[in-house]
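To start, the structure under review is shown below, and the notes come after it.
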Amino acid sequence: MSLDVSPALLEQAERGEVDEAAFVDCVRTSLPYAWDMISSLVAQLKVDGGAFADNQTPPPDEQARGQLLRALASDAIRGALQRHFGVRLAFQNCHRVAVFPLDPEVDERLARFTSVRAQLLNQSPELRDC
C-alpha cells in the first residue's frame, strides 16, 4: 500500500467525500521523502522566482525513489499536491521533479520540460534501471 491511511480517513472515504486537507496530510506522513522534495522545490521557486525549480539529484535509496513514483504517478495524489502547493508538477525519469508556478507565462517552458525531446535528452545509462 502506498499510503498509511488511518481508520478515520478510510471511514470518511467509505461514507463519501473526503476532506482534501486530511488526504494531503496522509500523503505528507506516508511519503515524507516525496513531500520534503516537493516542499523544498516550492520554497526554492518562491525564493528564486523564475519559470521553475527542479531536482536533479537521484533519491538516496529505493524507498525514497518509490515515494516519488507513488506521489507523481497517482493522479489523485499529484492533483492534491498541486492544489495544496499552488503549483504544477512535472516529472522525468525516476527523480527529476520540477515545480512550475500557476502562471500562463511559463506554459511554454512547462511544455518544453515535458516534451518528448526533453525526455530523450534527460536519459543516461545510470538511470536505465531507476
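In the C-alpha cells, chains take letters A, B, ... by order of appearance, with residues numbered from 1 within each chain and ligands from 1 in the order shown.
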
Subject >> Filtered DSSP result for stretch 60-104 of chain A, state strand (DSSP E or B), as an NGL selection string >> reply: :A and (87-92 or 96-101)

**OP:** Within 12 Å of A:Gly79, counting only C-alpha atoms, which residues show up once you throw out same-chain ones fewer than 2 positions away? Write them as a PyMOL selection string, please.
**Re:** chain A and resi 20+23-24+27+71-77+81-90

For the selection you just gave me, I'd like the residues written to a file as a CSV table (one decimal), in the first residue's frame, keeping N, CA and C atoms.
chain,number,residue,atom,x,y,z
A,20,GLU,N,-10.0,17.1,1.6
A,20,GLU,CA,-8.7,17.1,0.9
A,20,GLU,C,-7.6,17.4,1.9
A,23,PHE,N,-6.5,14.3,3.4
A,23,PHE,CA,-5.8,13.4,2.4
A,23,PHE,C,-4.4,13.9,2.2
A,24,VAL,N,-4.2,15.2,2.1
A,24,VAL,CA,-2.9,15.8,1.9
A,24,VAL,C,-2.0,15.5,3.1
A,27,VAL,N,-0.8,12.0,2.8
A,27,VAL,CA,0.3,12.0,1.8
A,27,VAL,C,1.6,12.4,2.5
A,71,ALA,N,3.9,9.2,-5.5
A,71,ALA,CA,3.3,10.5,-5.4
A,71,ALA,C,3.0,11.1,-6.8
A,72,LEU,N,3.9,10.9,-7.7
A,72,LEU,CA,3.7,11.6,-9.0
A,72,LEU,C,3.0,10.7,-10.1
A,73,ALA,N,2.9,9.4,-9.8
A,73,ALA,CA,2.2,8.6,-10.8
A,73,ALA,C,0.7,8.5,-10.5
A,74,SER,N,0.3,8.8,-9.3
A,74,SER,CA,-1.1,8.8,-8.9
A,74,SER,C,-1.7,10.2,-9.2
A,75,ASP,N,-2.8,10.1,-10.1
A,75,ASP,CA,-3.5,11.4,-10.4
A,75,ASP,C,-4.1,12.0,-9.2
A,76,ALA,N,-4.6,11.3,-8.2
A,76,ALA,CA,-5.2,11.8,-7.0
A,76,ALA,C,-4.2,12.5,-6.2
A,77,ILE,N,-3.1,11.8,-5.9
A,77,ILE,CA,-2.0,12.4,-5.1
A,77,ILE,C,-1.4,13.6,-5.7
A,81,LEU,N,-1.5,17.5,-4.4
A,81,LEU,CA,-0.3,18.2,-4.1
A,81,LEU,C,-0.2,19.5,-4.9
A,82,GLN,N,-0.6,19.4,-6.1
A,82,GLN,CA,-0.6,20.7,-6.9
A,82,GLN,C,-1.6,21.7,-6.4
A,83,ARG,N,-2.7,21.3,-6.0
A,83,ARG,CA,-3.7,22.2,-5.4
A,83,ARG,C,-3.2,22.7,-4.0
A,84,HIS,N,-2.6,21.9,-3.2
A,84,HIS,CA,-2.1,22.3,-1.9
A,84,HIS,C,-1.0,23.3,-2.0
A,85,PHE,N,-0.1,23.1,-2.9
A,85,PHE,CA,1.1,24.0,-3.0
A,85,PHE,C,0.9,25.1,-4.0
A,86,GLY,N,-0.2,25.0,-4.8
A,86,GLY,CA,-0.5,26.1,-5.8
A,86,GLY,C,0.6,26.1,-6.9
A,87,VAL,N,1.0,24.9,-7.4
A,87,VAL,CA,1.9,24.8,-8.5
A,87,VAL,C,1.5,23.7,-9.4
A,88,ARG,N,2.2,23.6,-10.5
A,88,ARG,CA,2.1,22.4,-11.4
A,88,ARG,C,3.3,21.6,-11.3
A,89,LEU,N,3.2,20.3,-11.2
A,89,LEU,CA,4.3,19.4,-11.1
A,89,LEU,C,4.6,18.7,-12.4
A,90,ALA,N,5.9,18.5,-12.6
A,90,ALA,CA,6.4,17.8,-13.8
A,90,ALA,C,7.4,16.8,-13.3

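The shell of residues at most 9 Å from stretch 31-35 of chain A, with only C-alpha atoms counted and near chain neighbours (fewer than 4 positions) removed, consists of Ser2, Leu3, Asp4, Cys26, Val27, Ser39, Ser40, Pro59, Gln63, Ala64, Arg65, Gly66, Gln67, Leu68, Leu69, Arg70, Ala71, Leu72 and Leu81 of chain A.
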
Serialized selection, C-alpha atoms, as a compact mmCIF listing (two decimals), in the first residue's frame:
# COMPACT_ATOMS: atom_id res chain seq x y z
CA SER A 2 1.38 3.37 -0.92
CA LEU A 3 -0.31 5.42 1.80
CA ASP A 4 -0.69 4.79 5.51
CA CYS A 26 -1.98 11.46 4.84
CA VAL A 27 0.30 11.95 1.82
CA SER A 39 8.09 21.31 -0.41
CA SER A 40 11.72 22.33 -0.86
CA PRO A 59 16.98 9.69 -4.38
CA GLN A 63 12.36 3.55 -0.71
CA ALA A 64 12.73 7.25 -1.48
CA ARG A 65 12.54 6.60 -5.22
CA GLY A 66 9.35 4.62 -4.66
CA GLN A 67 7.81 7.50 -2.75
CA LEU A 68 8.43 9.88 -5.65
CA LEU A 69 6.99 7.40 -8.11
CA ARG A 70 3.87 6.83 -6.00
CA ALA A 71 3.31 10.54 -5.41
CA LEU A 72 3.70 11.58 -9.03
CA LEU A 81 -0.26 18.20 -4.08

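The two atoms in question, atom CA of A:Arg28 and atom CA of A:His95, are spaced 17.9 Å apart.
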
Subject >> Pick from A:Pro101, A:Ala8, A:Ala80, A:Ala111, whichever lies nearest to A:Asp48 using only C-alpha atoms >> reply: A:Pro101

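Take the candidates A:Asp107, A:Pro58, A:Ala51, A:Val99 and check each one against A:Arg78 using only C-alpha atoms; the shortest distance goes to A:Val99.
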
As a short mmCIF file (atom, residue, chain, number, x, y, z; two decimals) with N, CA, C and O atoms, in the first residue's frame, list the residues of stretch 7-123 of chain A assigned to helix (DSSP H, G or I) by DSSP on the backbone atoms of this structure.
data_model
loop_
_atom_site.label_atom_id
_atom_site.label_comp_id
_atom_site.auth_asym_id
_atom_site.auth_seq_id
_atom_site.Cartn_x
_atom_site.Cartn_y
_atom_site.Cartn_z
N PRO A 7 -7.71 4.69 10.07
CA PRO A 7 -9.07 4.17 10.05
C PRO A 7 -10.11 5.29 9.88
O PRO A 7 -11.10 5.11 9.17
N ALA A 8 -9.87 6.44 10.48
CA ALA A 8 -10.81 7.56 10.36
C ALA A 8 -10.89 8.07 8.93
O ALA A 8 -11.99 8.36 8.42
N LEU A 9 -9.75 8.17 8.25
CA LEU A 9 -9.76 8.65 6.87
C LEU A 9 -10.39 7.61 5.95
O LEU A 9 -11.15 7.95 5.04
N LEU A 10 -10.13 6.35 6.20
CA LEU A 10 -10.75 5.28 5.42
C LEU A 10 -12.27 5.30 5.61
O LEU A 10 -13.03 5.18 4.65
N GLU A 11 -12.71 5.48 6.84
CA GLU A 11 -14.14 5.55 7.12
C GLU A 11 -14.77 6.74 6.39
O GLU A 11 -15.86 6.63 5.84
N GLN A 12 -14.07 7.86 6.39
CA GLN A 12 -14.56 9.04 5.67
C GLN A 12 -14.73 8.73 4.19
O GLN A 12 -15.75 9.09 3.58
N ALA A 13 -13.75 8.02 3.60
CA ALA A 13 -13.83 7.66 2.18
C ALA A 13 -14.99 6.71 1.92
O ALA A 13 -15.67 6.81 0.90
N GLU A 14 -15.22 5.79 2.84
CA GLU A 14 -16.31 4.84 2.68
C GLU A 14 -17.67 5.52 2.75
O GLU A 14 -18.63 5.08 2.12
N ARG A 15 -17.76 6.62 3.50
CA ARG A 15 -19.02 7.36 3.64
C ARG A 15 -19.29 8.28 2.45
O ARG A 15 -20.42 8.68 2.22
N GLU A 20 -10.00 17.08 1.64
CA GLU A 20 -8.73 17.07 0.93
C GLU A 20 -7.56 17.40 1.85
O GLU A 20 -6.46 16.86 1.68
N ALA A 21 -7.76 18.25 2.82
CA ALA A 21 -6.67 18.57 3.75
C ALA A 21 -6.24 17.32 4.52
O ALA A 21 -5.04 17.11 4.76
N ALA A 22 -7.19 16.48 4.88
CA ALA A 22 -6.86 15.23 5.57
C ALA A 22 -6.11 14.29 4.63
O ALA A 22 -5.17 13.60 5.04
N PHE A 23 -6.52 14.26 3.37
CA PHE A 23 -5.83 13.44 2.39
C PHE A 23 -4.40 13.94 2.19
O PHE A 23 -3.45 13.15 2.17
N VAL A 24 -4.22 15.24 2.06
CA VAL A 24 -2.88 15.82 1.90
C VAL A 24 -2.02 15.49 3.11
O VAL A 24 -0.83 15.16 2.96
N ASP A 25 -2.58 15.56 4.30
CA ASP A 25 -1.82 15.21 5.50
C ASP A 25 -1.42 13.73 5.48
O ASP A 25 -0.32 13.37 5.89
N CYS A 26 -2.29 12.88 4.98
CA CYS A 26 -1.98 11.46 4.84
C CYS A 26 -0.80 11.28 3.87
O CYS A 26 0.11 10.49 4.14
N VAL A 27 -0.81 12.01 2.78
CA VAL A 27 0.30 11.95 1.82
C VAL A 27 1.59 12.44 2.49
O VAL A 27 2.64 11.82 2.37
N ARG A 28 1.49 13.54 3.22
CA ARG A 28 2.67 14.11 3.90
C ARG A 28 3.32 13.10 4.84
O ARG A 28 4.54 12.93 4.85
N THR A 29 2.50 12.42 5.62
CA THR A 29 3.04 11.48 6.60
C THR A 29 3.44 10.14 5.98
O THR A 29 4.34 9.48 6.47
N SER A 30 2.78 9.75 4.91
CA SER A 30 3.05 8.46 4.27
C SER A 30 4.25 8.51 3.32
O SER A 30 4.95 7.51 3.15
N PRO A 32 7.12 10.88 3.16
CA PRO A 32 7.88 12.04 3.63
C PRO A 32 9.00 12.49 2.69
O PRO A 32 9.25 13.69 2.58
N TYR A 33 9.66 11.57 2.02
CA TYR A 33 10.72 11.98 1.10
C TYR A 33 10.12 12.79 -0.07
O TYR A 33 10.64 13.86 -0.41
N ALA A 34 9.06 12.28 -0.65
CA ALA A 34 8.41 12.99 -1.76
C ALA A 34 7.88 14.34 -1.29
O ALA A 34 8.04 15.36 -1.96
N TRP A 35 7.26 14.36 -0.11
CA TRP A 35 6.73 15.61 0.45
C TRP A 35 7.84 16.64 0.64
O TRP A 35 7.71 17.80 0.25
N ASP A 36 8.94 16.20 1.26
CA ASP A 36 10.06 17.12 1.50
C ASP A 36 10.66 17.63 0.20
O ASP A 36 11.02 18.81 0.09
N MET A 37 10.78 16.76 -0.79
CA MET A 37 11.33 17.16 -2.09
C MET A 37 10.46 18.24 -2.71
O MET A 37 10.95 19.29 -3.13
N ILE A 38 9.16 18.00 -2.77
CA ILE A 38 8.25 18.96 -3.40
C ILE A 38 8.18 20.24 -2.59
O ILE A 38 8.24 21.34 -3.14
N SER A 39 8.12 20.12 -1.27
CA SER A 39 8.09 21.31 -0.41
C SER A 39 9.32 22.19 -0.62
O SER A 39 9.22 23.42 -0.71
N SER A 40 10.49 21.55 -0.69
CA SER A 40 11.72 22.33 -0.86
C SER A 40 11.77 22.98 -2.23
O SER A 40 12.26 24.11 -2.38
N LEU A 41 11.26 22.31 -3.25
CA LEU A 41 11.24 22.91 -4.59
C LEU A 41 10.27 24.09 -4.64
O LEU A 41 10.56 25.10 -5.29
N VAL A 42 9.14 23.96 -3.97
CA VAL A 42 8.18 25.08 -3.91
C VAL A 42 8.83 26.27 -3.21
O VAL A 42 8.73 27.41 -3.68
N ALA A 43 9.53 26.01 -2.11
CA ALA A 43 10.22 27.10 -1.40
C ALA A 43 11.29 27.72 -2.28
O ALA A 43 11.43 28.95 -2.32
N GLN A 44 12.04 26.90 -2.98
CA GLN A 44 13.08 27.41 -3.88
C GLN A 44 12.48 28.28 -4.97
O GLN A 44 13.01 29.33 -5.30
N LEU A 45 11.36 27.83 -5.53
CA LEU A 45 10.69 28.61 -6.58
C LEU A 45 10.25 29.97 -6.05
O LEU A 45 10.42 30.99 -6.72
N LYS A 46 9.72 29.99 -4.83
CA LYS A 46 9.27 31.25 -4.24
C LYS A 46 10.43 32.20 -3.98
O LYS A 46 10.31 33.41 -4.18
N VAL A 47 11.56 31.66 -3.53
CA VAL A 47 12.72 32.49 -3.23
C VAL A 47 13.42 32.96 -4.51
O VAL A 47 13.72 34.14 -4.67
N ASP A 48 13.67 32.02 -5.41
CA ASP A 48 14.43 32.34 -6.62
C ASP A 48 13.59 32.95 -7.74
O ASP A 48 14.13 33.62 -8.61
N GLU A 62 16.04 3.13 -2.71
CA GLU A 62 14.85 2.68 -3.44
C GLU A 62 13.55 3.07 -2.75
O GLU A 62 12.55 3.32 -3.40
N GLN A 63 13.56 3.13 -1.43
CA GLN A 63 12.36 3.55 -0.71
C GLN A 63 12.00 4.98 -1.08
O GLN A 63 10.84 5.29 -1.36
N ALA A 64 12.98 5.86 -1.11
CA ALA A 64 12.73 7.25 -1.48
C ALA A 64 12.28 7.35 -2.93
O ALA A 64 11.34 8.08 -3.26
N ARG A 65 12.92 6.60 -3.80
CA ARG A 65 12.54 6.60 -5.22
C ARG A 65 11.08 6.14 -5.37
O ARG A 65 10.30 6.71 -6.12
N GLY A 66 10.72 5.11 -4.61
CA GLY A 66 9.35 4.62 -4.66
C GLY A 66 8.34 5.66 -4.20
O GLY A 66 7.24 5.75 -4.75
N GLN A 67 8.72 6.45 -3.21
CA GLN A 67 7.81 7.50 -2.75
C GLN A 67 7.57 8.53 -3.85
O GLN A 67 6.42 8.96 -4.05
N LEU A 68 8.62 8.93 -4.55
CA LEU A 68 8.43 9.88 -5.65
C LEU A 68 7.54 9.29 -6.74
O LEU A 68 6.64 9.97 -7.25
N LEU A 69 7.80 8.04 -7.08
CA LEU A 69 6.99 7.40 -8.11
C LEU A 69 5.53 7.32 -7.70
O LEU A 69 4.63 7.61 -8.50
N ARG A 70 5.26 6.94 -6.45
CA ARG A 70 3.87 6.83 -6.00
C ARG A 70 3.20 8.20 -5.98
O ARG A 70 2.06 8.35 -6.39
N ALA A 71 3.92 9.20 -5.51
CA ALA A 71 3.31 10.54 -5.41
C ALA A 71 3.00 11.12 -6.78
O ALA A 71 1.95 11.74 -6.97
N LEU A 72 3.88 10.92 -7.74
CA LEU A 72 3.70 11.58 -9.03
C LEU A 72 2.98 10.72 -10.05
O LEU A 72 2.47 11.25 -11.04
N ALA A 73 2.90 9.43 -9.83
CA ALA A 73 2.18 8.56 -10.76
C ALA A 73 0.69 8.50 -10.46
O ALA A 73 -0.10 8.14 -11.32
N ASP A 75 -2.77 10.13 -10.05
CA ASP A 75 -3.47 11.36 -10.41
C ASP A 75 -4.05 12.05 -9.18
O ASP A 75 -4.00 13.27 -9.05
N ALA A 76 -4.60 11.26 -8.25
CA ALA A 76 -5.22 11.84 -7.05
C ALA A 76 -4.17 12.51 -6.16
O ALA A 76 -4.37 13.64 -5.70
N ILE A 77 -3.05 11.82 -5.93
CA ILE A 77 -2.01 12.40 -5.07
C ILE A 77 -1.38 13.61 -5.75
O ILE A 77 -1.25 14.67 -5.14
N ARG A 78 -1.03 13.46 -7.00
CA ARG A 78 -0.40 14.56 -7.73
C ARG A 78 -1.31 15.78 -7.77
O ARG A 78 -0.88 16.90 -7.52
N GLY A 79 -2.57 15.56 -8.07
CA GLY A 79 -3.53 16.67 -8.13
C GLY A 79 -3.69 17.36 -6.78
O GLY A 79 -3.73 18.58 -6.69
N ALA A 80 -3.77 16.57 -5.72
CA ALA A 80 -3.91 17.15 -4.38
C ALA A 80 -2.67 17.96 -4.01
O ALA A 80 -2.78 19.05 -3.43
N LEU A 81 -1.49 17.46 -4.36
CA LEU A 81 -0.26 18.20 -4.08
C LEU A 81 -0.20 19.50 -4.87
O LEU A 81 0.19 20.54 -4.34
N GLN A 82 -0.61 19.44 -6.11
CA GLN A 82 -0.61 20.66 -6.94
C GLN A 82 -1.56 21.70 -6.36
O GLN A 82 -1.22 22.88 -6.28
N ARG A 83 -2.73 21.27 -5.95
CA ARG A 83 -3.69 22.22 -5.37
C ARG A 83 -3.19 22.75 -4.03
O ARG A 83 -3.30 23.94 -3.75
N HIS A 84 -2.62 21.87 -3.22
CA HIS A 84 -2.13 22.28 -1.90
C HIS A 84 -1.02 23.33 -2.02
O HIS A 84 -1.03 24.33 -1.30
N PHE A 85 -0.06 23.07 -2.88
CA PHE A 85 1.09 23.98 -3.02
C PHE A 85 0.86 25.10 -4.03
O PHE A 85 1.67 26.03 -4.11
N PRO A 104 0.42 31.52 -16.69
CA PRO A 104 0.42 31.22 -18.12
C PRO A 104 1.73 31.62 -18.82
O PRO A 104 2.07 31.07 -19.86
N GLU A 105 2.48 32.52 -18.21
CA GLU A 105 3.74 32.95 -18.82
C GLU A 105 4.78 31.84 -18.87
O GLU A 105 5.73 31.92 -19.63
N VAL A 106 4.63 30.80 -18.04
CA VAL A 106 5.61 29.71 -18.05
C VAL A 106 5.08 28.47 -18.79
O VAL A 106 5.75 27.43 -18.80
N ASP A 107 3.91 28.58 -19.41
CA ASP A 107 3.34 27.43 -20.11
C ASP A 107 4.29 26.88 -21.17
O ASP A 107 4.43 25.66 -21.31
N GLU A 108 4.97 27.76 -21.90
CA GLU A 108 5.89 27.29 -22.94
C GLU A 108 7.06 26.54 -22.32
O GLU A 108 7.48 25.50 -22.81
N ARG A 109 7.58 27.02 -21.20
CA ARG A 109 8.69 26.35 -20.53
C ARG A 109 8.25 24.99 -19.98
O ARG A 109 8.98 24.01 -20.05
N LEU A 110 7.04 24.91 -19.45
CA LEU A 110 6.50 23.64 -18.97
C LEU A 110 6.35 22.67 -20.14
O LEU A 110 6.71 21.49 -20.03
N ALA A 111 5.85 23.15 -21.27
CA ALA A 111 5.69 22.30 -22.44
C ALA A 111 7.05 21.77 -22.92
O ALA A 111 7.17 20.60 -23.30
N ARG A 112 8.08 22.61 -22.88
CA ARG A 112 9.42 22.15 -23.27
C ARG A 112 9.93 21.10 -22.28
O ARG A 112 10.51 20.09 -22.68
N PHE A 113 9.73 21.34 -20.98
CA PHE A 113 10.21 20.41 -19.95
C PHE A 113 9.54 19.04 -20.09
O PHE A 113 10.18 18.02 -19.85
N VAL A 116 8.65 15.29 -25.50
CA VAL A 116 9.35 14.06 -25.86
C VAL A 116 10.84 14.35 -26.00
O VAL A 116 11.68 13.58 -25.54
N ARG A 117 11.17 15.46 -26.63
CA ARG A 117 12.58 15.83 -26.81
C ARG A 117 13.29 15.94 -25.46
O ARG A 117 14.37 15.39 -25.26
N ALA A 118 12.68 16.66 -24.51
CA ALA A 118 13.30 16.82 -23.19
C ALA A 118 13.45 15.48 -22.49
O ALA A 118 14.47 15.22 -21.83
N GLN A 119 12.47 14.61 -22.63
CA GLN A 119 12.56 13.29 -22.01
C GLN A 119 13.74 12.52 -22.58
O GLN A 119 14.53 11.94 -21.83
N LEU A 120 13.90 12.56 -23.89
CA LEU A 120 15.02 11.85 -24.51
C LEU A 120 16.37 12.44 -24.10
O LEU A 120 17.32 11.71 -23.83
N LEU A 121 16.45 13.76 -24.03
CA LEU A 121 17.70 14.41 -23.66
C LEU A 121 18.06 14.20 -22.19
O LEU A 121 19.22 14.38 -21.81
#

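Atom to atom, atom CA of A:Val5 and atom CA of A:Ala98 stand 26.6 Å apart.
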
Subject >> Between atom CA of A:Asn55 and atom CA of A:Phe100, distance in Å (one decimal) >> reply: 12.3 Å
